[in-house]
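Structure file model-v4.txt; described as compact mmCIF, C-alpha atoms.
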# COMPACT_ATOMS: atom_id res chain seq x y z
CA MET A 1 -20.95 2.96 27.24
CA ASP A 2 -17.67 4.77 26.77
CA GLU A 3 -15.69 4.77 23.56
CA ALA A 4 -12.95 2.41 24.75
CA SER A 5 -15.34 -0.38 25.69
CA ALA A 6 -17.28 0.10 22.44
CA ARG A 7 -14.10 -0.20 20.42
CA PHE A 8 -12.95 -3.16 22.50
CA GLU A 9 -16.25 -4.98 22.02
CA GLN A 10 -16.31 -4.37 18.31
CA MET A 11 -12.83 -5.79 18.00
CA PHE A 12 -13.01 -8.76 20.34
CA LEU A 13 -16.60 -9.96 20.75
CA PRO A 14 -16.57 -11.58 17.29
CA HIS A 15 -13.93 -13.95 18.69
CA LEU A 16 -16.11 -15.10 21.59
CA ASP A 17 -16.73 -18.53 20.07
CA ALA A 18 -13.03 -19.05 19.45
CA ALA A 19 -12.23 -18.01 23.03
CA HIS A 20 -14.86 -20.33 24.44
CA ASN A 21 -13.88 -23.25 22.23
CA LEU A 22 -10.25 -23.03 23.36
CA ALA A 23 -11.10 -22.61 27.05
CA ARG A 24 -13.62 -25.42 26.91
CA TRP A 25 -11.10 -27.85 25.43
CA LEU A 26 -8.33 -26.84 27.78
CA THR A 27 -10.47 -27.18 30.92
CA ARG A 28 -12.81 -29.93 29.67
CA ASN A 29 -15.52 -28.34 31.72
CA GLY A 30 -18.27 -25.98 30.55
CA HIS A 31 -18.73 -24.07 33.76
CA ASP A 32 -15.03 -23.35 34.32
CA ALA A 33 -14.60 -22.47 30.66
CA GLU A 34 -17.25 -19.75 30.89
CA ASP A 35 -15.66 -18.26 34.02
CA LEU A 36 -12.25 -18.28 32.38
CA VAL A 37 -13.55 -16.67 29.18
CA GLN A 38 -15.04 -13.87 31.24
CA GLU A 39 -11.80 -13.46 33.18
CA SER A 40 -9.80 -13.44 29.93
CA TYR A 41 -11.95 -10.72 28.39
CA LEU A 42 -11.53 -8.61 31.50
CA ARG A 43 -7.79 -9.06 31.39
CA ALA A 44 -7.76 -8.28 27.68
CA PHE A 45 -9.76 -5.12 28.38
CA ARG A 46 -7.27 -4.02 31.05
CA PHE A 47 -4.36 -4.66 28.70
CA PHE A 48 -6.21 -3.15 25.75
CA GLY A 49 -4.01 -0.05 25.87
CA GLY A 50 -1.06 -2.33 25.17
CA PHE A 51 -2.66 -3.84 22.09
CA LYS A 52 -0.66 -2.41 19.21
CA GLY A 53 -3.03 -3.49 16.49
CA GLY A 54 -2.47 -6.58 14.40
CA ASP A 55 -4.15 -9.89 14.86
CA SER A 56 -6.90 -9.43 17.43
CA ARG A 57 -7.95 -13.07 17.50
CA SER A 58 -4.43 -14.35 18.24
CA TRP A 59 -3.96 -11.64 20.83
CA LEU A 60 -7.15 -12.64 22.63
CA LEU A 61 -6.46 -16.37 22.33
CA THR A 62 -3.01 -15.86 23.87
CA ILE A 63 -4.68 -14.30 26.91
CA VAL A 64 -7.30 -17.07 27.06
CA ARG A 65 -4.58 -19.67 26.82
CA ASN A 66 -2.50 -18.11 29.60
CA THR A 67 -5.53 -17.64 31.84
CA CYS A 68 -6.46 -21.29 31.36
CA TYR A 69 -2.93 -22.47 32.04
CA SER A 70 -2.80 -20.52 35.33
CA TRP A 71 -6.08 -22.14 36.23
CA LEU A 72 -4.74 -25.59 35.31
CA GLN A 73 -1.69 -24.90 37.44
CA ARG A 74 -3.90 -24.12 40.43
CA ASN A 75 -6.49 -26.84 39.90
CA ARG A 76 -5.12 -29.57 37.67
CA ARG A 77 -1.43 -29.47 38.40
CA GLN A 78 -1.03 -33.17 37.72
CA GLU A 79 -2.25 -32.76 34.19
CA LEU A 80 0.46 -30.27 33.36
CA GLU A 81 3.11 -32.47 34.83
CA THR A 82 2.26 -35.47 32.71
CA PRO A 83 5.11 -35.63 30.23
CA PHE A 84 3.89 -36.05 26.70
CA ASP A 85 6.24 -38.81 25.81
CA GLU A 86 5.19 -40.68 22.73
CA GLU A 87 6.82 -43.88 23.99
CA MET A 88 4.45 -43.83 26.94
CA HIS A 89 1.81 -45.11 24.65
CA THR A 90 2.86 -47.98 22.44
CA SER A 91 1.36 -47.58 19.04
CA ASP A 92 -1.39 -49.88 18.02
CA PRO A 93 -0.26 -52.22 15.25
CA GLN A 94 -3.85 -52.28 14.04
CA ALA A 95 -3.63 -48.61 13.26
CA PHE A 96 -1.89 -49.02 9.93
CA SER A 97 -3.14 -52.43 8.88
CA PRO A 98 -5.35 -52.58 5.81
CA GLU A 99 -8.39 -53.87 7.74
CA LYS A 100 -8.53 -50.87 10.01
CA PRO A 101 -12.04 -49.59 10.62
CA LEU A 102 -13.01 -46.38 8.88
CA LEU A 103 -12.54 -43.31 11.03
CA ALA A 104 -15.57 -41.84 9.35
CA ASN A 105 -17.69 -44.28 11.37
CA ALA A 106 -16.69 -42.71 14.68
CA ASP A 107 -19.62 -40.92 16.28
CA GLY A 108 -19.55 -37.48 17.89
CA GLN A 109 -19.23 -38.75 21.42
CA MET A 110 -16.30 -41.01 20.56
CA LEU A 111 -14.56 -38.09 18.88
CA GLN A 112 -15.11 -35.81 21.83
CA GLN A 113 -13.76 -38.41 24.22
CA ALA A 114 -10.75 -39.26 22.08
CA LEU A 115 -9.77 -35.60 21.94
CA GLU A 116 -10.37 -35.08 25.67
CA GLU A 117 -8.09 -37.99 26.49
CA LEU A 118 -5.10 -36.32 24.85
CA PRO A 119 -2.53 -34.54 27.03
CA VAL A 120 -3.34 -30.86 27.29
CA THR A 121 -0.48 -29.69 25.00
CA PHE A 122 -1.65 -31.98 22.23
CA ARG A 123 -5.26 -30.95 22.71
CA GLU A 124 -4.27 -27.32 22.53
CA ILE A 125 -2.39 -27.43 19.24
CA LEU A 126 -4.96 -29.71 17.61
CA VAL A 127 -7.82 -27.42 18.59
CA LEU A 128 -5.97 -24.35 17.31
CA ARG A 129 -5.01 -26.03 14.05
CA GLU A 130 -7.99 -28.23 13.17
CA LEU A 131 -10.90 -26.38 14.73
CA GLU A 132 -9.65 -22.81 14.58
CA GLY A 133 -7.68 -23.23 11.33
CA LEU A 134 -4.66 -21.25 12.57
CA SER A 135 -1.24 -21.33 10.90
CA TYR A 136 1.85 -22.80 12.57
CA LYS A 137 3.14 -19.29 13.16
CA GLU A 138 -0.06 -18.20 14.89
CA ILE A 139 -0.11 -21.33 17.05
CA ALA A 140 3.56 -20.84 17.92
CA ASP A 141 2.82 -17.27 19.06
CA ILE A 142 -0.20 -18.25 21.12
CA ALA A 143 1.31 -21.31 22.78
CA GLY A 144 4.76 -19.75 23.14
CA MET A 145 6.66 -22.50 21.38
CA PRO A 146 8.93 -22.66 18.31
CA ILE A 147 7.27 -23.40 14.95
CA GLY A 148 9.19 -26.68 14.66
CA THR A 149 7.66 -27.84 17.94
CA VAL A 150 4.21 -27.04 16.62
CA MET A 151 4.83 -29.21 13.56
CA SER A 152 6.26 -32.19 15.45
CA GLY A 153 3.66 -31.81 18.20
CA LEU A 154 0.88 -31.88 15.63
CA ALA A 155 2.27 -35.05 14.07
CA ARG A 156 2.29 -36.79 17.44
CA ALA A 157 -1.06 -35.39 18.50
CA ARG A 158 -2.73 -36.58 15.31
CA LYS A 159 -1.17 -40.01 15.63
CA ARG A 160 -2.32 -40.32 19.19
CA LEU A 161 -5.81 -39.09 18.45
CA ARG A 162 -6.11 -41.59 15.68
CA GLU A 163 -5.07 -44.39 18.01
CA ASN A 164 -7.53 -43.27 20.68
CA LEU A 165 -10.28 -43.28 18.11
CA LEU A 166 -9.43 -46.67 16.67
CA ASN A 167 -9.23 -48.17 20.16
CA ALA A 168 -12.62 -46.74 21.06
CA MET A 169 -14.12 -48.16 17.87
CA LYS A 170 -12.60 -51.56 18.52
CA LYS A 171 -14.16 -51.62 21.98
CA GLU A 172 -17.50 -50.66 20.52
CA SER A 173 -17.57 -53.43 17.93
CA MET B 1 14.28 -38.55 -1.37
CA SER B 2 13.74 -41.23 1.22
CA CYS B 3 10.83 -41.68 3.58
CA LYS B 4 13.03 -40.82 6.51
CA GLU B 5 13.63 -37.39 5.06
CA GLU B 6 10.08 -36.87 3.94
CA GLN B 7 8.22 -38.13 6.97
CA PRO B 8 8.70 -35.06 9.15
CA LEU B 9 7.74 -32.82 6.23
CA LEU B 10 4.51 -34.65 5.52
CA GLU B 11 2.74 -32.81 8.33
CA GLY B 12 3.90 -29.46 7.03
CA TYR B 13 2.90 -30.39 3.50
CA PHE B 14 -0.51 -31.47 4.72
CA ASP B 15 -1.00 -28.18 6.53
CA GLY B 16 0.16 -26.11 3.56
CA GLU B 17 3.10 -24.76 5.54
CA LEU B 18 6.05 -25.73 3.34
CA ASP B 19 7.91 -23.49 0.95
CA LEU B 20 7.44 -24.11 -2.74
CA VAL B 21 10.59 -26.18 -3.25
CA ARG B 22 9.88 -28.59 -0.42
CA ASN B 23 6.25 -28.73 -1.39
CA VAL B 24 7.22 -29.97 -4.83
CA GLU B 25 9.64 -32.50 -3.32
CA VAL B 26 7.05 -33.99 -1.01
CA GLU B 27 4.49 -34.07 -3.79
CA ALA B 28 6.88 -36.04 -5.99
CA HIS B 29 7.68 -38.40 -3.14
CA LEU B 30 4.00 -39.05 -2.48
CA GLN B 31 3.56 -40.08 -6.11
CA GLU B 32 5.98 -42.93 -5.75
CA CYS B 33 5.82 -43.98 -2.09
CA GLY B 34 2.85 -46.10 -1.06
CA ALA B 35 3.53 -45.93 2.68
CA CYS B 36 3.73 -42.14 2.79
CA SER B 37 0.74 -41.66 0.56
CA ALA B 38 -1.29 -44.01 2.79
CA GLU B 39 -0.25 -41.92 5.76
CA TYR B 40 -1.22 -38.77 3.92
CA GLN B 41 -4.64 -40.22 3.23
CA GLY B 42 -4.89 -41.04 6.92
CA LEU B 43 -4.28 -37.38 7.74
CA GLN B 44 -7.00 -36.32 5.34
CA GLU B 45 -9.39 -38.85 6.79
CA LEU B 46 -8.72 -37.58 10.29
CA ARG B 47 -9.23 -33.99 9.24
CA SER B 48 -12.55 -34.69 7.60
CA VAL B 49 -13.75 -36.42 10.77
CA LEU B 50 -12.57 -33.53 12.94
CA GLY B 51 -14.18 -31.00 10.65
CA SER B 52 -17.62 -32.56 10.92
CA GLY B 53 -18.62 -29.70 13.19
CA SER B 54 -19.60 -31.40 16.41
CA LEU B 55 -16.26 -30.67 18.06
CA TYR B 56 -16.33 -26.90 17.80
CA LEU B 57 -17.81 -25.79 21.11
CA LYS B 58 -19.37 -22.40 20.53
CA ALA B 59 -20.05 -19.98 23.33
CA PRO B 60 -23.38 -20.77 24.99
CA ALA B 61 -26.19 -18.22 24.88
CA GLY B 62 -25.76 -15.68 27.62
CA LEU B 63 -21.97 -15.68 27.71
CA GLN B 64 -21.74 -12.66 25.46
CA ARG B 65 -24.07 -10.69 27.75
CA ARG B 66 -22.04 -11.79 30.77
CA VAL B 67 -18.77 -10.71 29.19
CA GLN B 68 -20.23 -7.36 28.09
CA ASP B 69 -21.60 -6.68 31.58
CA ALA B 70 -18.21 -7.45 33.07
CA ILE B 71 -16.41 -5.11 30.67
CA ARG B 72 -18.87 -2.28 31.06
CA GLY B 73 -18.80 -2.65 34.84
CA GLU B 74 -15.05 -2.22 34.83
CA ALA B 75 -14.21 1.23 36.25
CA PRO B 76 -11.51 3.23 34.49
CA THR B 77 -8.17 2.38 36.07
CA VAL B 78 -7.38 4.47 39.13
CA ARG B 79 -3.80 5.35 39.89
CA PRO B 80 -2.73 4.03 43.31
CA SER B 81 -2.63 6.89 45.84
CA TRP B 82 0.96 6.30 46.93
CA LEU B 83 2.13 7.47 43.55
CA SER B 84 0.43 10.83 43.65
CA GLY B 85 2.73 12.73 46.11
CA TRP B 86 6.39 13.05 45.26
CA TRP B 87 5.90 11.39 41.96
CA THR B 88 3.84 14.13 40.31
CA PRO B 89 6.60 16.61 39.35
CA LEU B 90 8.61 13.73 38.06
CA ARG B 91 5.68 12.58 36.01
CA TRP B 92 5.22 15.98 34.39
CA ALA B 93 8.87 16.12 33.60
CA SER B 94 8.68 12.76 31.90
CA VAL B 95 5.54 13.73 30.01
CA ALA B 96 7.30 16.86 28.76
CA ALA B 97 10.33 14.81 27.79
CA SER B 98 8.28 12.30 25.88
CA LEU B 99 6.40 15.07 24.08
CA VAL B 100 9.69 16.46 22.89
CA LEU B 101 10.70 13.01 21.79
CA VAL B 102 7.43 12.45 19.95
CA ALA B 103 7.79 15.80 18.22
CA LEU B 104 11.32 14.96 17.17
CA VAL B 105 10.44 11.52 15.93
CA THR B 106 7.38 12.74 14.07
CA TRP B 107 9.26 15.57 12.46
CA ASN B 108 12.00 13.20 11.42
CA VAL B 109 10.08 10.21 10.33
CA ALA B 110 6.62 11.32 9.34
CA PRO B 111 7.41 12.67 5.87
CA ARG B 112 8.91 9.33 4.91
CA PHE B 113 5.69 7.44 5.39
CA SER B 114 3.72 7.34 2.22
CA PRO B 115 -0.03 7.73 2.56
CA ARG B 116 -2.05 4.53 2.51
CA SER B 117 -2.92 3.30 -0.98
CA PRO B 118 -6.60 3.19 -1.97
CA ASP B 119 -6.47 -0.61 -1.93
CA GLU B 120 -5.18 -0.65 1.63
CA THR B 121 -7.93 1.67 2.75
CA LEU B 122 -10.49 -0.50 1.04
CA ALA B 123 -8.98 -3.68 2.54
CA ARG B 124 -9.40 -2.10 5.95
CA GLU B 125 -13.02 -1.27 5.19
CA ILE B 126 -13.57 -4.84 3.96
CA VAL B 127 -12.19 -6.33 7.17
CA ASP B 128 -14.32 -3.95 9.26
CA SER B 129 -17.36 -4.95 7.30
CA HIS B 130 -16.53 -8.64 7.71
CA VAL B 131 -16.12 -8.20 11.47
CA ARG B 132 -19.39 -6.29 11.67
CA SER B 133 -21.13 -9.04 9.76
CA LEU B 134 -20.01 -11.57 12.38
CA MET B 135 -21.84 -9.76 15.14
CA PRO B 136 -25.21 -11.25 16.00
CA ASN B 137 -27.92 -10.66 13.36
CA HIS B 138 -25.67 -8.79 10.95
CA LEU B 139 -24.58 -11.57 8.69
CA ILE B 140 -27.38 -12.34 6.29
CA ASP B 141 -30.28 -10.54 4.66
CA VAL B 142 -31.33 -13.49 2.56
CA PRO B 143 -30.55 -16.84 4.19
CA SER B 144 -30.43 -19.54 1.56
CA SER B 145 -28.10 -22.21 0.27
CA ASP B 146 -29.77 -21.99 -3.12
CA GLN B 147 -27.97 -19.83 -5.67
CA HIS B 148 -31.26 -19.34 -7.52
CA THR B 149 -32.79 -17.70 -4.46
CA VAL B 150 -29.81 -15.56 -3.54
CA LYS B 151 -29.08 -14.11 -6.99
CA PRO B 152 -32.55 -12.72 -7.77
CA TRP B 153 -32.82 -11.26 -4.28
CA PHE B 154 -30.31 -8.58 -5.33
CA ASN B 155 -32.61 -7.40 -8.15
CA GLY B 156 -33.60 -3.81 -7.54
CA LYS B 157 -31.22 -3.49 -4.59
CA VAL B 158 -28.05 -3.07 -6.61
CA ASP B 159 -27.74 -2.01 -10.25
CA PHE B 160 -25.88 -5.15 -11.30
CA SER B 161 -26.43 -8.86 -11.01
CA PRO B 162 -23.75 -10.56 -8.93
CA PRO B 163 -22.66 -14.02 -10.08
CA VAL B 164 -23.67 -16.52 -7.38
CA VAL B 165 -22.06 -19.95 -7.68
CA ASP B 166 -22.65 -23.20 -5.87
CA LEU B 167 -19.49 -24.64 -4.27
CA GLN B 168 -21.13 -27.31 -2.15
CA ASP B 169 -19.14 -30.08 -3.83
CA GLN B 170 -15.89 -28.32 -3.01
CA GLY B 171 -16.85 -28.12 0.66
CA PHE B 172 -17.91 -24.47 0.79
CA HIS B 173 -21.54 -24.01 1.71
CA LEU B 174 -23.45 -20.99 0.49
CA VAL B 175 -25.22 -19.54 3.53
CA GLY B 176 -26.83 -16.47 2.02
CA GLY B 177 -26.45 -12.91 0.78
CA ARG B 178 -26.41 -9.43 2.20
CA LEU B 179 -26.52 -5.88 0.95
CA ASP B 180 -23.48 -3.98 2.15
CA TYR B 181 -21.99 -0.53 1.64
CA LEU B 182 -18.34 -0.14 0.70
CA GLY B 183 -16.23 2.63 -0.76
CA GLY B 184 -19.32 4.83 -0.93
CA LYS B 185 -21.57 2.48 -2.88
CA PRO B 186 -23.91 -0.44 -2.28
CA VAL B 187 -22.30 -3.83 -2.99
CA ALA B 188 -23.38 -7.45 -2.90
CA ALA B 189 -21.97 -9.67 -0.16
CA LEU B 190 -22.20 -13.45 -0.53
CA ILE B 191 -21.52 -15.58 2.51
CA TYR B 192 -19.95 -19.01 2.35
CA GLN B 193 -19.04 -21.32 5.18
CA ARG B 194 -16.29 -23.87 5.69
CA ARG B 195 -16.49 -25.69 9.01
CA GLN B 196 -16.94 -22.86 11.52
CA HIS B 197 -15.31 -20.29 9.29
CA LEU B 198 -17.27 -17.75 7.31
CA ILE B 199 -16.14 -16.17 4.09
CA ASN B 200 -17.58 -12.88 2.94
CA LEU B 201 -17.30 -12.40 -0.81
CA PHE B 202 -17.94 -8.80 -1.83
CA VAL B 203 -18.82 -8.13 -5.46
CA TRP B 204 -19.39 -4.98 -7.47
CA PRO B 205 -18.78 -3.79 -11.05
CA SER B 206 -15.24 -2.71 -11.80
CA PRO B 207 -14.56 0.54 -13.60
CA GLU B 208 -11.62 -1.16 -15.29
CA ASP B 209 -11.86 -3.38 -18.33
CA ALA B 210 -8.74 -5.40 -17.69
CA ASN B 211 -8.73 -8.48 -15.51
CA SER B 212 -6.29 -8.29 -12.64
CA THR B 213 -4.44 -11.01 -10.82
CA GLN B 214 -5.03 -11.73 -7.18
CA ALA B 215 -3.59 -9.48 -4.52
CA SER B 216 -3.68 -10.56 -0.93
CA ASN B 217 -3.21 -8.95 2.37
CA SER B 218 -3.92 -9.80 5.98
CA GLN B 219 -5.19 -7.68 8.81
CA GLN B 220 -6.20 -8.46 12.37
CA GLY B 221 -6.00 -12.18 11.65
CA TYR B 222 -8.25 -12.00 8.60
CA HIS B 223 -7.02 -12.75 5.12
CA VAL B 224 -8.18 -10.54 2.30
CA ILE B 225 -7.79 -11.41 -1.37
CA HIS B 226 -9.04 -9.40 -4.29
CA TRP B 227 -9.09 -9.52 -8.06
CA VAL B 228 -10.98 -8.25 -11.09
CA LYS B 229 -12.55 -10.55 -13.62
CA SER B 230 -14.95 -9.86 -16.49
CA LYS B 231 -15.50 -6.29 -15.30
CA MET B 232 -16.41 -7.37 -11.78
CA THR B 233 -14.39 -6.62 -8.67
CA TYR B 234 -14.16 -9.39 -6.10
CA TRP B 235 -12.95 -9.17 -2.51
CA ALA B 236 -12.89 -12.30 -0.36
CA VAL B 237 -12.25 -12.04 3.37
CA SER B 238 -12.11 -14.72 6.03
CA ASP B 239 -10.29 -16.02 9.08
CA LEU B 240 -9.86 -19.29 7.19
CA ASN B 241 -6.21 -20.21 6.62
CA THR B 242 -4.66 -18.97 3.39
CA LYS B 243 -4.47 -22.41 1.81
CA GLU B 244 -8.17 -23.14 2.14
CA LEU B 245 -9.11 -19.60 1.22
CA GLY B 246 -6.96 -20.15 -1.88
CA ASP B 247 -8.87 -23.37 -2.60
CA PHE B 248 -12.10 -21.42 -2.29
CA ILE B 249 -10.97 -18.86 -4.81
CA THR B 250 -9.69 -21.45 -7.26
CA ALA B 251 -13.01 -23.29 -7.10
CA LEU B 252 -14.90 -20.03 -7.46
CA GLN B 253 -12.82 -18.80 -10.39
CA LYS B 254 -13.54 -21.99 -12.32
CA GLN B 255 -17.24 -21.25 -12.31
CA LEU B 256 -17.20 -17.50 -12.74
CA PRO B 257 -17.99 -16.02 -16.14
Could you rewrite the structure in this file as structure tokens?
Amino acid sequence: MDEASARFEQMFLPHLDAAHNLARWLTRNGHDAEDLVQESYLRAFRFFGGFKGGDSRSWLLTIVRNTCYSWLQRNRRQELETPFDEEMHTSDPQAFSPEKPLLANADGQMLQQALEELPVTFREILVLRELEGLSYKEIADIAGMPIGTVMSGLARARKRLRENLLNAMKKES
Amino acid sequence: MSCKEEQPLLEGYFDGELDLVRNVEVEAHLQECGACSAEYQGLQELRSVLGSGSLYLKAPAGLQRRVQDAIRGEAPTVRPSWLSGWWTPLRWASVAASLVLVALVTWNVAPRFSPRSPDETLAREIVDSHVRSLMPNHLIDVPSSDQHTVKPWFNGKVDFSPPVVDLQDQGFHLVGGRLDYLGGKPVAALIYQRRQHLINLFVWPSPEDANSTQASNSQQGYHVIHWVKSKMTYWAVSDLNTKELGDFITALQKQLP
């Protein structure tokens, strides 16, 4: 193995789980996610000369994100065109009433489904913030949006996720 | 402060992204506003559900191999043949020109750069060591969540006894310990986990008597914080966000001798 690939692997393979997690949530499909992770790593390797140091995880995740979005554009165009208008979904009055069921009772499958049902932009910022623990600045860089949009997007995404969850739990009971 | 003003800031407060002044404002508002504090609790509830672990979809076995094969199979980039004819003299000219430029810039600028401080060099080593530890089978020598198993394991391996504290109640799980080598000497590494994030805490005796306050630094997306307490040097490194890493250190400091 030559020195460049060794250095590349040492720097970027530790972020394989992060890359997969993001791709998996953006595509909602295990098989496609794996293909896209592989493609992203190859692209990252080709651009490696342009990597000026700094945050290797964010750099890789930006490439994963862009690769996934190109794929969505080719294969799930409709999904990208769905406007994420909060009025589209009237909020559930139950959500803030005192008798609301405890979110802690939601099971893993319900959670997974509630997150999958979110529009892709919401899913993306929630995954980067809640699962990857990234800062607003890092998310803004990766998703190519202003920091203010990250903050307001997160507020709406969390609200919507909560509603999805509560609805699912109501159906269950 | 009214709810209308505070509402949009609540998210930023919750995520630890506000500046100090606004942070204090929101905190004060939460004390007196029932609606906002209920909403804040809702955010916390949601986070604890999301952090339960089942949502983080790790790479399946085999993907790493597949990625490595793809990278290693990648031939070094070949210059397209149409460039090689007329372009060559031009290329040499531009190489020569850029060499001159580099020489000029270096000559001009280089002396102004101060050499890296010892702490910076060490921080770099710490991050490298953290990254290495994340590679398969490098993380732990003694896997245990029990402080009374981890601490004695270091006997005879290092010439000091690292303090090992239990932070389970604060949401940081002890995963184990490892012998590492930093700055030319063997050190103890303790590994804690929060959700999917690992924290390496490196510990070794400090040559200095005085306690020092925390100094932090970030590199390649990892946050590094270090301090000296009771003649021990501590370096914590993680990809966890700074707020939670701060919580970790506060909780740790409370229990350290």
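Nearest residue to chain B among A:Glu34, A:Glu116, A:Glu172, A:Asp141 is A:Glu34, counting all atoms listed in the file.
Shortest separation to Leu22 in chain A among B:Ala59, B:Leu18, B:Leu179, B:Leu240 occurs at residue B:Ala59, atoms counted being all atoms listed in the file.
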Chain B contacts to chain A at 9 Å (all atoms listed in the file) as a PyMOL selection string:
chain B and resi 8-12+15-17+38-39+42-43+45-60+63-64+66-68+70-72+74+77+131-132+134-136+195-197+218-222+239-242
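Taking CA of Ala140 in chain A and CA of Ser238 in chain B as the two end points, the separation is 20.6 Å.
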